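File shown: final_25.cif. Contents: mmCIF, C-alpha atoms and all ligand atoms.
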data_coords
loop_
_atom_site.label_atom_id
_atom_site.label_comp_id
_atom_site.auth_asym_id
_atom_site.auth_seq_id
_atom_site.Cartn_x
_atom_site.Cartn_y
_atom_site.Cartn_z
CA MET A 25 39.09 137.94 135.51
CA ASN A 26 37.58 139.28 132.26
CA LEU A 27 38.63 137.73 128.96
CA THR A 28 37.46 137.63 125.35
CA ILE A 29 37.22 134.26 123.60
CA ALA A 30 39.61 134.22 120.66
CA ARG A 31 38.88 130.88 119.02
CA LEU A 32 37.71 127.30 119.43
CA GLY A 33 40.03 124.32 119.68
CA HIS A 34 39.45 121.24 117.52
CA LEU A 35 37.30 119.69 120.23
CA GLY A 36 35.11 122.79 120.52
CA GLU A 37 36.69 124.14 123.71
CA ALA A 38 36.80 127.95 123.88
CA ILE A 39 40.27 129.50 124.10
CA ALA A 40 41.13 133.03 125.26
CA GLN A 41 44.50 134.71 125.55
CA GLY A 42 45.27 134.99 129.29
CA PRO A 43 48.13 136.88 130.96
CA ASP A 44 50.40 133.81 130.83
CA GLY A 45 49.18 132.01 127.73
CA PRO A 46 46.02 130.29 126.50
CA VAL A 47 43.08 129.94 128.89
CA TYR A 48 40.36 127.32 128.31
CA ALA A 49 36.81 128.44 129.05
CA GLY A 50 34.42 125.58 128.17
CA GLN A 51 31.40 126.11 125.94
CA MET A 52 31.87 129.69 124.86
CA LEU A 53 32.04 131.19 121.39
CA PRO A 54 34.62 133.41 119.67
CA GLY A 55 34.13 137.11 120.39
CA GLU A 56 32.25 136.49 123.65
CA ALA A 57 33.38 138.59 126.61
CA VAL A 58 33.42 136.34 129.69
CA GLU A 59 34.17 136.68 133.37
CA GLY A 60 35.42 133.92 135.69
CA THR A 61 38.05 132.70 138.09
CA LEU A 62 41.38 131.60 136.69
CA SER A 63 42.56 128.21 137.94
CA GLY A 64 45.71 127.07 136.15
CA ASP A 65 44.89 127.35 132.46
CA ARG A 66 41.09 127.03 133.05
CA LEU A 67 38.51 129.70 133.61
CA ARG A 68 36.03 128.44 136.24
CA ASP A 69 32.51 129.68 137.13
CA VAL A 70 32.36 131.37 133.75
CA ARG A 71 29.72 134.06 133.21
CA ILE A 72 29.01 135.50 129.78
CA VAL A 73 29.24 139.30 129.80
CA THR A 74 28.60 139.85 126.07
CA PRO A 75 27.12 136.89 124.17
CA SER A 76 28.00 136.13 120.57
CA PRO A 77 25.28 136.70 117.93
CA ASP A 78 25.92 133.03 117.07
CA ARG A 79 24.85 131.87 120.54
CA VAL A 80 21.50 130.02 120.47
CA ARG A 81 19.30 128.36 123.05
CA PRO A 82 20.25 124.63 123.03
CA PRO A 83 17.49 122.74 121.20
CA CYS A 84 17.74 119.72 123.51
CA VAL A 85 16.49 119.68 127.10
CA HIS A 86 19.42 117.41 128.04
CA ALA A 87 22.09 119.80 126.70
CA ARG A 88 23.18 121.09 130.12
CA THR A 89 23.92 117.66 131.55
CA CYS A 90 24.51 115.26 128.65
CA GLY A 91 27.99 115.03 127.17
CA GLY A 92 26.74 113.63 123.86
CA CYS A 93 26.61 117.04 122.12
CA LEU A 94 29.17 119.81 122.51
CA MET A 95 27.95 122.53 120.20
CA GLN A 96 24.23 122.99 120.93
CA HIS A 97 24.92 126.54 122.11
CA ALA A 98 26.06 127.59 118.61
CA SER A 99 23.99 128.37 115.51
CA ASP A 100 24.04 125.90 112.61
CA SER A 101 25.78 128.46 110.40
CA PHE A 102 28.52 128.99 113.00
CA VAL A 103 29.15 125.22 113.33
CA ALA A 104 29.19 124.85 109.54
CA GLY A 105 31.77 127.61 109.15
CA TRP A 106 33.84 126.26 112.04
CA LYS A 107 33.97 122.73 110.59
CA GLN A 108 34.85 124.03 107.16
CA GLU A 109 37.65 126.07 108.74
CA ILE A 110 39.02 122.95 110.50
CA VAL A 111 39.38 121.28 107.09
CA ARG A 112 40.76 124.42 105.45
CA SER A 113 43.42 124.84 108.12
CA ALA A 114 44.41 121.13 108.04
CA LEU A 115 44.97 121.54 104.29
CA ALA A 116 46.80 124.85 104.76
CA GLY A 117 49.13 123.05 107.19
CA ARG A 118 50.29 121.02 104.17
CA GLY A 119 50.37 124.05 101.89
CA ILE A 120 47.14 123.03 100.08
CA GLU A 121 44.27 125.29 99.02
CA ALA A 122 41.01 124.02 97.52
CA PRO A 123 37.54 125.25 96.59
CA PHE A 124 34.75 124.09 98.91
CA ARG A 125 31.37 122.82 97.75
CA ALA A 126 28.34 123.79 99.83
CA LEU A 127 28.34 121.94 103.13
CA HIS A 128 25.66 119.35 103.92
CA THR A 129 24.43 118.92 107.50
CA SER A 130 22.23 116.02 108.56
CA PRO A 131 19.00 117.20 110.21
CA PRO A 132 18.23 116.77 113.92
CA GLN A 133 16.79 113.37 114.95
CA SER A 134 18.53 111.55 112.11
CA ARG A 135 21.25 109.40 113.72
CA ARG A 136 20.46 105.85 112.69
CA ARG A 137 23.13 104.16 114.80
CA ALA A 138 24.43 105.06 118.22
CA THR A 139 26.19 103.47 121.15
CA LEU A 140 24.48 104.11 124.46
CA ALA A 141 25.82 103.29 127.90
CA ALA A 142 23.72 101.59 130.58
CA ARG A 143 23.84 100.23 134.08
CA ARG A 144 21.50 98.07 136.10
CA THR A 145 20.16 99.98 139.06
CA LYS A 146 18.33 98.94 142.20
CA GLY A 147 14.96 99.65 140.66
CA GLY A 148 15.67 98.80 137.02
CA ALA A 149 18.07 100.21 134.45
CA LEU A 150 19.67 103.54 133.60
CA LEU A 151 20.35 104.08 129.88
CA GLY A 152 21.83 107.14 128.20
CA PHE A 153 25.03 109.02 127.46
CA HIS A 154 27.81 110.06 129.79
CA ALA A 155 27.78 113.53 131.30
CA ARG A 156 30.49 115.82 129.96
CA GLY A 157 33.95 114.64 131.05
CA SER A 158 32.49 112.20 133.57
CA ASP A 159 31.36 108.60 133.94
CA VAL A 160 27.97 109.68 135.31
CA LEU A 161 25.14 108.43 133.10
CA VAL A 162 22.44 110.83 131.90
CA ALA A 163 19.09 109.50 130.66
CA VAL A 164 18.20 111.10 127.29
CA PRO A 165 14.53 110.33 126.52
CA ASN A 166 14.20 113.56 124.50
CA CYS A 167 17.54 113.35 122.66
CA GLN A 168 17.45 115.56 119.54
CA LEU A 169 20.25 113.70 117.82
CA LEU A 170 18.84 110.19 117.55
CA HIS A 171 16.25 109.05 115.03
CA PRO A 172 12.85 108.58 116.74
CA ASP A 173 13.07 104.86 115.87
CA LEU A 174 16.17 104.62 118.09
CA ILE A 175 14.44 106.48 120.93
CA ALA A 176 11.58 103.99 120.58
CA THR A 177 14.00 101.16 121.36
CA PHE A 178 14.84 102.54 124.84
CA PRO A 179 12.22 100.46 126.74
CA GLY A 180 13.51 97.31 125.02
CA LEU A 181 17.14 98.23 125.70
CA GLU A 182 16.33 98.90 129.36
CA ALA A 183 14.59 95.55 129.60
CA LEU A 184 17.71 93.85 128.19
CA VAL A 185 19.88 95.69 130.74
CA LYS A 186 17.62 94.56 133.61
CA VAL A 187 18.04 90.96 132.50
CA GLY A 188 21.65 90.94 131.39
CA GLY A 189 23.38 93.75 133.28
CA SER A 190 25.29 93.34 136.50
CA ARG A 191 25.16 96.06 139.17
CA SER A 192 28.93 96.47 139.09
CA GLY A 193 29.67 97.10 135.42
CA GLU A 194 28.53 99.33 132.59
CA LEU A 195 27.12 97.97 129.33
CA ALA A 196 27.62 99.44 125.84
CA LEU A 197 24.58 99.02 123.58
CA THR A 198 25.03 99.75 119.88
CA VAL A 199 21.67 100.11 118.21
CA THR A 200 21.18 100.49 114.48
CA ARG A 201 17.97 101.23 112.63
CA SER A 202 17.36 98.60 109.94
CA LEU A 203 14.56 97.69 107.54
CA GLY A 204 13.76 94.72 109.81
CA GLY A 205 13.69 96.73 113.05
CA PRO A 206 16.40 97.57 115.58
CA ASP A 207 19.70 95.71 115.28
CA VAL A 208 21.21 95.62 118.78
CA SER A 209 24.71 94.62 119.82
CA VAL A 210 25.66 94.60 123.51
CA THR A 211 29.00 94.29 125.30
CA GLY A 212 29.87 94.42 128.99
CA GLY A 213 26.85 92.41 130.18
CA LYS A 214 26.71 89.18 132.20
CA PRO A 215 28.44 86.21 130.59
CA LEU A 216 26.04 84.10 128.54
CA ASP A 217 24.69 80.80 129.83
CA GLY A 218 21.70 78.77 128.68
CA ALA A 219 19.15 80.51 130.92
CA LEU A 220 20.39 84.03 130.11
CA ARG A 221 20.40 83.26 126.38
CA MET A 222 16.73 82.21 126.54
CA GLU A 223 15.69 85.17 128.66
CA LEU A 224 17.49 87.67 126.41
CA ALA A 225 15.90 86.11 123.31
CA ARG A 226 12.47 86.36 124.98
CA VAL A 227 12.97 90.05 125.85
CA ALA A 228 14.33 90.82 122.35
CA GLY A 229 11.29 89.13 120.78
CA ALA A 230 8.86 90.98 123.07
CA HIS A 231 10.38 94.36 122.06
CA GLY A 232 10.61 93.75 118.31
CA VAL A 233 14.42 93.59 118.15
CA ALA A 234 15.42 92.27 114.71
CA ARG A 235 18.75 90.87 115.89
CA LEU A 236 20.37 90.79 119.31
CA THR A 237 24.09 90.15 119.58
CA TRP A 238 25.56 89.65 123.08
CA ASP A 239 29.35 89.90 123.42
CA GLY A 240 29.71 88.95 119.75
CA GLU A 241 27.24 86.03 119.82
CA VAL A 242 23.89 86.33 118.03
CA VAL A 243 21.31 85.30 120.65
CA ALA A 244 18.15 86.32 118.80
CA LEU A 245 17.35 86.82 115.13
CA SER A 246 13.71 87.42 114.25
CA THR A 247 14.25 89.32 110.98
CA ALA A 248 17.41 89.94 108.97
CA PRO A 249 18.49 93.53 109.80
CA MET A 250 18.66 94.64 106.18
CA GLN A 251 20.01 97.94 104.87
CA ARG A 252 19.18 99.26 101.41
CA MET A 253 22.18 100.31 99.31
CA GLY A 254 21.02 101.38 95.88
CA ARG A 255 19.13 98.43 94.41
CA ALA A 256 20.83 95.99 96.75
CA LEU A 257 19.78 94.82 100.20
CA VAL A 258 22.64 94.10 102.61
CA SER A 259 22.53 92.24 105.89
CA PRO A 260 25.54 93.74 107.72
CA PRO A 261 27.46 91.71 110.31
CA PRO A 262 26.66 92.69 113.94
CA GLY A 263 28.05 96.05 115.09
CA THR A 264 29.37 96.82 111.63
CA PHE A 265 30.32 100.27 110.29
CA LEU A 266 27.52 102.19 108.59
CA GLN A 267 27.42 105.91 107.81
CA ALA A 268 25.82 107.65 110.80
CA THR A 269 22.75 109.08 109.07
CA GLU A 270 20.86 108.15 105.92
CA GLU A 271 20.92 111.79 104.82
CA GLY A 272 24.70 111.92 105.28
CA GLU A 273 25.14 108.67 103.40
CA ARG A 274 23.09 110.04 100.48
CA ALA A 275 25.11 113.28 100.48
CA LEU A 276 28.40 111.33 100.49
CA LEU A 277 27.19 109.06 97.69
CA ARG A 278 26.14 112.12 95.67
CA ALA A 279 29.57 113.69 96.22
CA VAL A 280 31.37 110.46 95.28
CA SER A 281 29.23 110.03 92.13
CA ASP A 282 29.79 113.66 91.11
CA ALA A 283 33.52 113.25 91.68
CA LEU A 284 33.77 110.09 89.58
CA GLY A 285 31.65 111.27 86.65
CA PRO A 286 31.14 108.76 83.83
CA VAL A 287 33.37 105.81 84.78
CA ARG A 288 33.31 102.18 83.66
CA ARG A 289 35.61 100.38 86.12
CA ILE A 290 35.95 101.40 89.75
CA VAL A 291 37.96 100.20 92.72
CA ASP A 292 36.30 100.94 96.09
CA LEU A 293 39.00 100.89 98.78
CA PHE A 294 37.92 100.42 102.44
CA ALA A 295 34.55 99.42 101.04
CA GLY A 296 32.75 98.28 104.21
CA VAL A 297 29.50 96.52 103.35
CA GLY A 298 29.15 98.42 100.07
CA THR A 299 27.77 101.88 100.87
CA PHE A 300 29.41 103.17 97.70
CA ALA A 301 30.26 99.96 95.82
CA LEU A 302 26.68 98.69 95.53
CA PRO A 303 24.98 101.87 94.23
CA LEU A 304 27.93 102.56 91.92
CA ALA A 305 27.67 99.03 90.51
CA GLU A 306 24.46 100.16 88.82
CA ARG A 307 26.65 101.96 86.29
CA ALA A 308 30.20 100.57 86.57
CA GLU A 309 32.08 97.36 87.30
CA VAL A 310 33.39 97.45 90.85
CA LEU A 311 36.21 95.79 92.76
CA ALA A 312 35.49 96.30 96.49
CA VAL A 313 38.39 95.84 98.92
CA GLU A 314 38.16 95.79 102.70
CA SER A 315 39.92 94.00 105.60
CA ASP A 316 36.86 92.56 107.35
CA PRO A 317 35.89 89.19 105.82
CA ALA A 318 32.35 89.28 107.27
CA MET A 319 31.71 92.67 105.65
CA MET A 320 33.08 91.42 102.34
CA ALA A 321 30.83 88.35 102.53
CA ALA A 322 27.79 90.54 103.22
CA LEU A 323 28.63 92.81 100.28
CA ASP A 324 29.21 89.84 97.98
CA LYS A 325 25.90 88.22 98.94
CA ALA A 326 24.01 91.49 98.45
CA ALA A 327 25.58 92.05 95.01
CA ARG A 328 24.69 88.53 93.90
CA SER A 329 21.07 88.88 95.01
CA ALA A 330 20.48 92.30 93.45
CA GLU A 331 19.19 92.64 89.90
CA GLY A 332 20.74 94.72 87.16
CA LEU A 333 24.15 95.37 88.70
CA LYS A 334 27.36 95.30 86.71
CA ARG A 335 30.07 92.90 87.84
CA VAL A 336 31.03 93.27 91.53
CA THR A 337 34.15 91.52 92.82
CA VAL A 338 35.23 91.57 96.46
CA GLU A 339 38.65 91.10 98.00
CA THR A 340 39.39 90.80 101.71
CA ARG A 341 42.71 92.51 102.22
CA ASP A 342 44.54 94.58 104.80
CA LEU A 343 45.25 97.75 102.85
CA PHE A 344 47.64 99.11 105.48
CA ARG A 345 49.97 96.12 105.18
CA ARG A 346 49.24 95.10 101.62
CA PRO A 347 47.96 98.07 99.61
CA LEU A 348 46.74 97.49 96.07
CA GLU A 349 49.79 97.94 93.85
CA PRO A 350 49.80 100.21 90.76
CA ASP A 351 49.49 97.30 88.30
CA GLU A 352 46.30 96.17 90.06
CA PHE A 353 44.59 99.37 88.89
CA LYS A 354 45.04 98.54 85.17
CA GLY A 355 41.93 99.55 83.21
CA VAL A 356 40.40 101.27 86.26
CA ASP A 357 39.11 104.77 85.54
CA GLY A 358 37.91 105.76 89.02
CA VAL A 359 38.78 105.01 92.65
CA VAL A 360 36.77 105.54 95.82
CA ILE A 361 38.82 105.64 99.01
CA ASP A 362 37.20 105.92 102.46
CA PRO A 363 39.74 104.87 105.10
CA PRO A 364 39.38 104.86 108.90
CA ARG A 365 40.68 107.81 111.00
CA ALA A 366 44.30 106.78 110.49
CA GLY A 367 43.94 107.56 106.79
CA ALA A 368 45.53 105.49 104.05
CA GLU A 369 49.20 106.40 103.89
CA ALA A 370 50.57 103.26 102.23
CA GLN A 371 47.58 102.83 99.90
CA THR A 372 47.70 106.47 98.82
CA GLU A 373 51.39 106.19 97.96
CA ALA A 374 50.67 103.18 95.73
CA LEU A 375 47.58 104.89 94.29
CA ALA A 376 49.59 108.00 93.42
CA ARG A 377 51.82 105.80 91.26
CA ALA A 378 48.85 104.02 89.62
CA ARG A 379 47.72 107.23 87.91
CA VAL A 380 43.99 106.46 87.87
CA PRO A 381 42.34 109.56 86.32
CA VAL A 382 39.82 110.32 89.11
CA ILE A 383 39.80 109.65 92.84
CA ALA A 384 36.78 110.25 95.07
CA ALA A 385 38.03 110.48 98.65
CA VAL A 386 35.92 110.31 101.82
CA SER A 387 37.50 111.00 105.18
CA CYS A 388 36.54 111.35 108.84
CA ASN A 389 39.87 112.93 109.78
CA PRO A 390 40.97 116.22 108.14
CA VAL A 391 44.55 115.77 109.40
CA THR A 392 45.20 112.39 107.77
CA PHE A 393 43.18 113.51 104.75
CA ALA A 394 45.52 116.50 104.30
CA ARG A 395 48.58 114.24 104.62
CA ASP A 396 47.25 111.83 101.96
CA ALA A 397 46.06 114.71 99.76
CA LYS A 398 49.62 116.06 99.76
CA THR A 399 50.89 112.69 98.47
CA LEU A 400 48.44 112.80 95.56
CA ILE A 401 49.10 116.45 94.75
CA THR A 402 52.87 115.90 94.79
CA ALA A 403 52.29 113.09 92.27
CA GLY A 404 50.50 115.49 89.92
CA TYR A 405 46.84 115.32 91.00
CA SER A 406 44.77 118.43 91.50
CA LEU A 407 42.37 118.70 94.41
CA ASP A 408 39.30 119.93 92.51
CA TRP A 409 36.98 120.43 95.48
CA VAL A 410 36.27 119.48 99.05
CA GLN A 411 32.83 119.14 100.64
CA VAL A 412 32.18 118.90 104.36
CA VAL A 413 29.36 116.42 105.00
CA ASP A 414 28.34 116.86 108.62
CA GLN A 415 26.65 113.71 109.92
CA PHE A 416 27.66 114.54 113.49
CA ARG A 417 25.84 117.81 114.09
CA TRP A 418 26.49 119.46 117.47
CA SER A 419 29.78 117.55 117.79
CA ALA A 420 33.38 118.38 116.92
CA HIS A 421 33.57 115.46 114.50
CA VAL A 422 34.28 116.41 110.86
CA GLU A 423 33.60 114.33 107.76
CA LEU A 424 34.35 115.26 104.16
CA ALA A 425 34.36 114.16 100.53
CA ALA A 426 36.78 115.38 97.87
CA ARG A 427 37.69 115.00 94.21
CA PHE A 428 41.21 114.51 92.89
CA SER A 429 41.96 114.32 89.19
CA LEU A 430 44.90 114.00 86.88
CA ALA A 431 44.55 116.79 84.40
CA HIS A 432 47.06 116.44 81.59
CA ILE A 433 49.45 113.81 82.78
CA PRO A 434 49.35 110.68 80.62
CA ARG A 435 48.97 107.31 82.33
CA THR A 436 52.10 105.18 82.29
C1 LIG A 501 35.18 104.75 107.31
S1 LIG A 501 34.79 103.07 107.06
C2 LIG A 501 34.13 103.15 105.44
C3 LIG A 501 33.32 101.97 105.00
C4 LIG A 501 32.48 102.18 103.75
N1 LIG A 501 33.20 102.89 102.71
C5 LIG A 501 31.19 102.88 104.08
O1 LIG A 501 31.03 104.05 103.69
O2 LIG A 501 30.31 102.27 104.69
C6 LIG A 501 36.37 102.38 106.88
C7 LIG A 501 36.39 100.91 106.54
O3 LIG A 501 37.78 100.52 106.46
C8 LIG A 501 37.89 99.21 106.96
N2 LIG A 501 39.31 99.04 107.36
C9 LIG A 501 39.89 99.42 108.50
N3 LIG A 501 41.21 99.12 108.48
C10 LIG A 501 41.45 98.54 107.28
C11 LIG A 501 42.62 98.02 106.66
N4 LIG A 501 43.80 98.03 107.29
N5 LIG A 501 42.53 97.51 105.41
C12 LIG A 501 41.33 97.50 104.76
N6 LIG A 501 40.18 97.96 105.31
C13 LIG A 501 40.25 98.48 106.55
C14 LIG A 501 36.89 99.13 108.09
O4 LIG A 501 36.51 97.80 108.36
C15 LIG A 501 35.74 99.99 107.54
O5 LIG A 501 34.80 99.20 106.89
#
Step by step, read the file and then write its structure as structure tokens.
Ligand SMILES: C[S@@+](CC[C@H](N)C(=O)[O-])C[C@H]1O[C@@H](n2cnc3c(N)ncnc32)[C@H](O)[C@@H]1O
Amino acid sequence: MNLTIARLGHLGEAIAQGPDGPVYAGQMLPGEAVEGTLSGDRLRDVRIVTPSPDRVRPPCVHARTCGGCLMQHASDSFVAGWKQEIVRSALAGRGIEAPFRALHTSPPQSRRRATLAARRTKGGALLGFHARGSDVLVAVPNCQLLHPDLIATFPGLEALVKVGGSRSGELALTVTRSLGGPDVSVTGGKPLDGALRMELARVAGAHGVARLTWDGEVVALSTAPMQRMGRALVSPPPGTFLQATEEGERALLRAVSDALGPVRRIVDLFAGVGTFALPLAERAEVLAVESDPAMMAALDKAARSAEGLKRVTVETRDLFRRPLEPDEFKGVDGVVIDPPRAGAEAQTEALARARVPVIAAVSCNPVTFARDAKTLITAGYSLDWVQVVDQFRWSAHVELAARFSLAHIPRT
């Protein structure tokens, strides 16, 4: 059967109009004429008859087998336009239009944290990512996504798997680049006992691992795995959230700073370990709120040790169950809000009533962002701009920053 690809779904799958409805055709691009065998709603054994001008040779040698990247067959400009369109259509679904600032894409080889899968094998260890739609593991020594410092940890990670992996199960290894060296957190390995603890610590030491955490327990700490956030140095708890690339983090911080403008008192909601709170504290007082007590403690310690910051206060609080109420924003002239994928429905409703003049929003989910944006707009805010900040190049993941402001409505 011959078909022409009409569009991409949100997960990057190509969709054509078949005789009985949509047909899914894998990694094709809009406008491409393809030929294949129809099986249910899937086109199998697909052959490209007319390629799209946006089709490129995948930059990574693992692209055919590895499931880590979905969009290596598309040009950067195509992916940028596609991601921007995902955000635009999520907003349009709520009846919202907004100007877009120029998109920022993190460069190749810039991911500073990643979770790899691994298994112990007869001869050693297999470490990598899963093949597309499968539990088969693919080794990725030439991965174009990860920072070279993460690739350099592979021998150490494999050595840990040889010692602490069982032949039956798969391990998940989260590795983060830090100023002190790799910060490694492993789950799914053998249960810890005295001998394993010692052996893991020995292997971690031999491979320059700054901190090794095994099923939540720190088993080796040679150097604190510090991260720089503005003037402050933070030691994040094991496995903690950090923005995926340093370039993306800088672009988000720039967007948030531009959105806030000259502010004196800020509330940073869903603050994590202080990605925004700590740099912003160089020019404004900050209240940072977040549900994870270990993250709050790390942020607090970093703020106290840094020089020249304005007052930073932290509050551990579940913002889904107990959002900050309007009267808690008294005297605050800017808010940063960066919730998880679920968005911040309850907090946004309270925030809309607080009437803080400027809100800098960061989101990893255009659908919940659009829902929460609608709440603010209905309350009188304007959505001044949106910027897609793509830290997950070659994937379907979309991240954005945005500015909301109250134009002429007086605060109550
Ligand atoms: C997308 S991360 C952003 C963190 C931080 N702004 C950053 O850029 O590093 C979302 C944060 O929300 C926190 N979080 C998740 N659920 C929460 C809740 N119900 N209440 C408060 N914080 C929550 C997570 O622990 C995480 O740190």
So how many Å separate CA of Val413 in chain A and CA of Ser387 in chain A, to one decimal?
9.8 Å
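You can rank A:Pro260, A:Gly358, A:Pro350, A:Gly205 by their closest distance to ligand LIG 501 (chain A) using all atoms listed in the file, and at the top of that list sits A:Pro260.
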Neighbouring residues of Ala219 in chain A were defined as those with any atom within 12 Å, considering all atoms listed in the file; residues of the same chain fewer than 4 positions away were excluded. Please report them as a short mmCIF file (atom, residue, chain, number, x, y, z; two decimals) with C-alpha atoms, in the frame of the given file.
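Written output follows (part.cif):
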data_model
loop_
_atom_site.label_atom_id
_atom_site.label_comp_id
_atom_site.auth_asym_id
_atom_site.auth_seq_id
_atom_site.Cartn_x
_atom_site.Cartn_y
_atom_site.Cartn_z
CA VAL A 187 18.04 90.96 132.50
CA GLY A 188 21.65 90.94 131.39
CA LYS A 214 26.71 89.18 132.20
CA PRO A 215 28.44 86.21 130.59
CA GLU A 223 15.69 85.17 128.66
CA LEU A 224 17.49 87.67 126.41
CA ALA A 225 15.90 86.11 123.31
CA ARG A 226 12.47 86.36 124.98
CA VAL A 243 21.31 85.30 120.65
#
Non-local contacts of Ser406 in chain A (12 Å; all atoms listed in the file; under 2 positions in same chain excluded) as a ChimeraX atom specification
/A:120-123,376,381-384,397-404,408-410,426-433
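Counting all atoms listed in the file and comparing A:His231, A:Arg71, A:Arg379, A:Arg274, the residue that lies closest to ligand LIG 501 (chain A) is A:Arg274.
The shortest atom-to-atom distance to Gln133 in chain A, with all atoms listed in the file taken into account, belongs to A:Arg417 out of A:Arg307, A:Arg417, A:Arg365, A:Arg221.
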Please return as JSON, numbers by chain the residues found within 8 Å of ligand LIG 501 (chain A), counting all atoms listed in the file.
{"A": [264, 265, 266, 267, 273, 292, 293, 294, 295, 296, 297, 298, 299, 300, 313, 314, 315, 316, 319, 340, 341, 342, 343, 344, 345, 347, 361, 362, 363, 364, 365, 386, 387, 388]}
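What separates CA of Pro303 in chain A from CA of Leu424 in chain A is a distance of 19.1 Å.
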Can you tell me, as a PyMOL selection string, what residues are no more than 7 Å from Val208 in chain A when counting all atoms listed in the file, ignoring any on the same chain fewer than 3 positions away?
chain A and resi 197-200+235-237
Protein/DNA/RNA residues near (42.5, 131.5, 124.0), cut 12 Å, all atoms listed in the file, as JSON, numbers by chain
{"A": [27, 28, 29, 30, 31, 32, 33, 36, 37, 38, 39, 40, 41, 42, 43, 44, 45, 46, 47, 48, 49, 50, 52, 53, 54, 55, 56, 57, 58, 65, 66, 67]}
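With distances restricted to all atoms listed in the file, A:Leu276 is the closest residue to Asp414 in chain A from A:Cys93, A:Ala321, A:Leu276, A:Val160.
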Calculated over all atoms listed in the file, which of the candidates A:Ala228, A:Val291, A:Val380, A:Ala420 has the smallest distance to Leu245 in chain A?
A:Ala228
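Comparing the minimum interatomic distances between Glu423 in chain A and each of A:Ala368, A:Leu184, A:Ala268, A:Met250, counting all atoms listed in the file, we find that A:Ala268 sits nearest.
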Would you pick out the contacts of Gln108 in chain A at 12 Å or less, using all atoms listed in the file, so that residues sharing its chain but fewer than 2 positions from it are not included, and give the list as a PyMOL selection string?
chain A and resi 34+101-106+110-115+122-129+390+410-414+420-425
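Relative to CA of Leu203 in chain A, CA of Glu270 in chain A is found at 12.3 Å.
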What lies within 8 Å of range 176-179 of chain A using only C-alpha atoms, ignoring chain neighbours under 3 positions off, as a PyMOL selection string?
chain A and resi 151+165+172-173+182-183+206+231
Need the neighbours of (28.2, 92.2, 95.4): which residues are at most 12 Å away, counting only C-alpha atoms, as a VMD selection string?
chain A and resid 253 to 259 292 295 to 306 309 to 313 319 to 339
